[in-house]
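This report refers to the structure that appears directly beneath it.
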Amino acid sequence: MKLNRRKFIKRILIVAASIEAVFLLKDSVSKIDTFSSKELFNAGKADSFEKNKLYPFSTGQFFLKRFEDGGFLAMSVKCTHLGCVVNANSKTGGFNCPCHASQFNKFGEVLSAPATRPLDIFPIRIENGEILVDTRKPVKRSSYNKSQLTYA
Amino acid sequence: MANKESDQRIPSSLEKFILHLHPNRIDSRAIKFNRTFGLGGILALLFVIISLTGLTLRFSYIPTVEHAYDSIIGIRDNTILGQFIRNLHHLSAKLMVLVSFLHLIRVYYSQSIFQKRAENWTYGLLLFFLVLASSFTGYLLPWDQLAYWAVTVITQIVEYIPLVGDSLAYLLRGSDTVDGNTLINFYTLHTGIIPLLFVVLMSVHFWLVRKAGGVALPKTEEKEKVDVIPNLLWKEIMVASIVIGGLFIVSVFYEAPLLDQANPLKSPNPSKAPWYFLGAQELLLHLHPFFGAVIIPLSAALFFFGLPYFRYKNVNVGVWFNSSLGKKMSIQSSSISFVFTFILIYILDHFLHFDIWFSGVPSVISTGVIPFLLYTLPLAGYLLFWYKNHKANNTEIIMACTSILLSSYVCMLLISLLLRGEGMQLIF
């Protein structure tokens with residue numbers, strides 16, 4: 001195989017462009033975070049939440065649900081279809097998306113399309129009886145199971 | 001019709017440069033209005049108008065989350081002719097999307113994309129993409145509810161692309177959600193990178209038109225050549241005056257929309273994508289994202305870029321619809337596909353609930369493969385009928401395919417734009 005000067009330069013350029021593309025796609029453009037805070041979101045005393053009730057935290061962008069057995073689940077308000085903010089449906093205890101009519105049940109699982117996966121959840125930690133929600137990184141899940149609940 | 005008096009004056013270098021965009025003499029059929037409808041020229045004019053108004057707006061606009069919305073209010077309320085310039089910018093951009101689509105259709109159906117012009121079709125498609133990109137990046141800048149949620153919806157669609165979707169969306173937004181980083185990204189693209197690319201690609205586009213011998217025309221024995229000045233030049237000036245006059249008049253009365261300031265905590269109901277992307281959003285209502293956001297856009301793009309390179313048997317360059325059969329098929333297939341898409345969407349919305357009926361199988365099949373086949377199989381059958389019964393050539397069949405795709409998209413766009421209200425439910 002012959003490798004002349006032009007071919008060599010061309011290949012170098014292609015390699016450089018590909019490396020650049022990989023870097024761009026691999027989060028190498030880390031801009032300052034203008035939006036979320038660095039700290040965990042403090043939702044308040046765990047005892048103050050009644051069982052089987054839903055508490056919206058609009059500033060933290062999540063719903064805090066306390067189930068019958070006392071378990072807590074923090075679900076993101078962002079619809080998994082196209083990112084609109086879902087509303088709580090007081091009739092079904094679930095959630096409705098105003099944009100494209102996706103419906104979720106009280107565990108955040110999809111009741112009706114177009115959404116394809118349940119609402120994302122935020123990890124919860126309970127320290128000194130206070131609920132701390134980590135709103136920095138939503139956790140994707142494919143279905144609800146009991147291990148997602150946090151107990152006081 | 002050569003004007004003898006003007007021959008004595010020597011044009012300035014600038015005039016000469018502009019005149020060299022055209023040849024000296026031109027086929028008389030090429031300057032008939034219904035050959036090109038002046039669409040390419042209108043686009044070049046709109047680019048100039050948008051650039052000038054955009055540069056003017058740039059003096060007052062501040063691309064930060066805190067000040068973007070207020071600076072638009074300032075342009076509207078406290079600047080002399082501020083709202084007029086903003087209206088003009090907004091309207092011209094809307095018109096540019098529409099006219100570039102019409103230009104694409106005109107070029108395609110007059111069979112002007114083959115042989116020497118094949119390369120220029122590619123550049124044309126890239127320019128069309130730039131028109132959409134500049135329109136979309138400009139959409140975010142007012143930072144109102146309309147802007148914020150439209151961009152949220154579209155960048156979320158990007159996330160459905162397998163493997164690279166998340167990082168691509170992150171790159172586009174500069175963040176996990178639409179925020180100040182997105183605003184600065186879009187501002188840079190909108191006022192810097194995209195206009196620059198426009199200038200480069202437009203130059204190539206114009207040059208390739210000249211190189212291919214101008215507007216594509218059917219073969220003929222006798223050619224009548226006429227002087228470009230004044231024959232073509234007058235028509236250009238006339239069309240330009242009408243467009244400029246029309247835009248100015250409408251800009252006085254029409255107000256570019258501005259809703260409440262963006263609120264990331266509250267989605268308006270319904271939240272719609274920018275109007276030219278509504279067809280894509282409609283598609284996502286009925287199809288699994290893997291089909292709606294990946295397979296279909298990708299294969300449609302491949303199809304359009306490949307159009308000049310398929311193996312055609314009987315291409316008649318410059319002949320509208322290639323033949324009378326082509327004309328008949330194009331008109332019929334686009335009407336049928338429009339009606340079919342409409343009916344299919346209606347019954348998918350009201351009667352067919354595959355996600356509930358087949359809740360056991362993966363959603364890729366229940367809401368992806370099944371509706372996809374429901375659309376493609378009847379239309380494939382329809383094309384087969386033309387092939388069998390009318391001996392349609394592949395040129396005509398492919399033209400019918402294009403008509404079906406375009407007409408379906410327009411149908412979905414109109415349904416989403418006009419017939420969907422609260423919760424994106426059909427309003428009838």
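All residue names refer to the structure tokens as shown: chains lettered A, B, ... in order, residues numbered from 1 in each chain, ligands numbered from 1 in order.
Residues surrounding region 193-209 of chain B within 7 Å are B:Asn120, B:Tyr123, B:Gly124, B:Leu127, B:Leu130, B:Ser134, B:Thr188, B:Leu189, B:His190, B:Thr191, B:Lys211, B:Ala212, B:Gly213, B:Gly214 [only C-alpha atoms; sequence separation below 2 positions excluded].
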Residue subset to file, keeping C-alpha atoms, as a PDB file, in the first residue's frame:
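Written file, part.pdb:
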```pdb
ATOM      1  CA  ASN B 120     -26.175  20.945  -6.069  1.00  0.00           C
ATOM      2  CA  TYR B 123     -25.986  21.524  -1.172  1.00  0.00           C
ATOM      3  CA  GLY B 124     -29.615  22.583  -1.444  1.00  0.00           C
ATOM      4  CA  LEU B 127     -29.053  24.770   3.037  1.00  0.00           C
ATOM      5  CA  LEU B 130     -29.517  25.354   7.836  1.00  0.00           C
ATOM      6  CA  SER B 134     -31.343  28.913  12.190  1.00  0.00           C
ATOM      7  CA  THR B 188     -23.693  31.659  19.137  1.00  0.00           C
ATOM      8  CA  LEU B 189     -25.062  29.258  16.544  1.00  0.00           C
ATOM      9  CA  HIS B 190     -27.832  31.623  15.518  1.00  0.00           C
ATOM     10  CA  THR B 191     -25.818  34.813  15.159  1.00  0.00           C
ATOM     11  CA  LYS B 211     -21.885  25.747 -13.838  1.00  0.00           C
ATOM     12  CA  ALA B 212     -24.780  23.437 -14.711  1.00  0.00           C
ATOM     13  CA  GLY B 213     -25.944  25.971 -17.313  1.00  0.00           C
ATOM     14  CA  GLY B 214     -28.636  27.703 -15.276  1.00  0.00           C
TER      15      GLY B 214
END
```
>> List the spatial neighbours of region 64-79 of chain A as a PyMOL selection string - criterion: any atom at most 8 Å away, only C-alpha atoms, same-chain residues fewer than 2 positions off excluded.
In response: chain A and resi 49-57+61-62+81-87+97+108+115+119-124+133+138+148-152
For chain B versus chain A, which residues have an atom no more than 8 Å away, and what is each residue's nearest atom pair and distance in Å rounded to one decimal, using only C-alpha atoms, chain-then-number order, as CSV?
```
residue,atom,partner,partner_atom,distance
B:Trp149,CA,A:Cys84,CA,7.4
B:Thr152,CA,A:Gly83,CA,6.4
B:Val153,CA,A:Leu82,CA,5.0
B:Ile154,CA,A:Leu82,CA,7.6
B:Gln156,CA,A:Leu82,CA,5.2
B:Ile157,CA,A:Leu82,CA,6.4
B:Val164,CA,A:Leu25,CA,7.4
B:Ser167,CA,A:Leu25,CA,5.2
B:Leu168,CA,A:Leu25,CA,6.0
B:Tyr170,CA,A:Asp27,CA,7.4
B:Leu171,CA,A:Leu25,CA,6.5
B:Gly174,CA,A:Lys31,CA,6.6
B:Ser175,CA,A:Asp33,CA,7.5
B:Asp179,CA,A:Phe35,CA,6.8
B:Gly180,CA,A:Thr34,CA,6.4
B:Asn181,CA,A:Lys31,CA,7.2
B:Leu265,CA,A:Ser58,CA,6.4
B:Lys266,CA,A:Val85,CA,6.2
B:Ser267,CA,A:Val85,CA,5.5
B:Pro268,CA,A:Pro98,CA,7.6
B:Asn269,CA,A:Pro98,CA,5.4
B:Pro270,CA,A:Cys99,CA,4.9
B:Ser271,CA,A:Cys99,CA,5.1
B:Lys272,CA,A:Cys99,CA,7.5
B:Leu284,CA,A:Pro114,CA,7.3
B:Leu285,CA,A:Pro114,CA,5.8
B:His286,CA,A:Pro114,CA,7.1
B:Leu287,CA,A:Pro114,CA,7.7
B:His288,CA,A:Pro114,CA,7.2
B:Asp355,CA,A:Ala113,CA,6.6
B:Ile356,CA,A:Ser112,CA,7.3
B:Ser363,CA,A:Thr116,CA,7.3
B:Glu422,CA,A:Pro98,CA,7.4
B:Gly423,CA,A:Pro98,CA,4.7
B:Met424,CA,A:His100,CA,5.4
B:Gln425,CA,A:Ala101,CA,7.7
```
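For the set B:Ile347, B:Ile75, B:Val319, B:Leu45, the residue with the smallest atom-to-atom gap to Arg58 (chain B) is B:Ile75, counting only C-alpha atoms.
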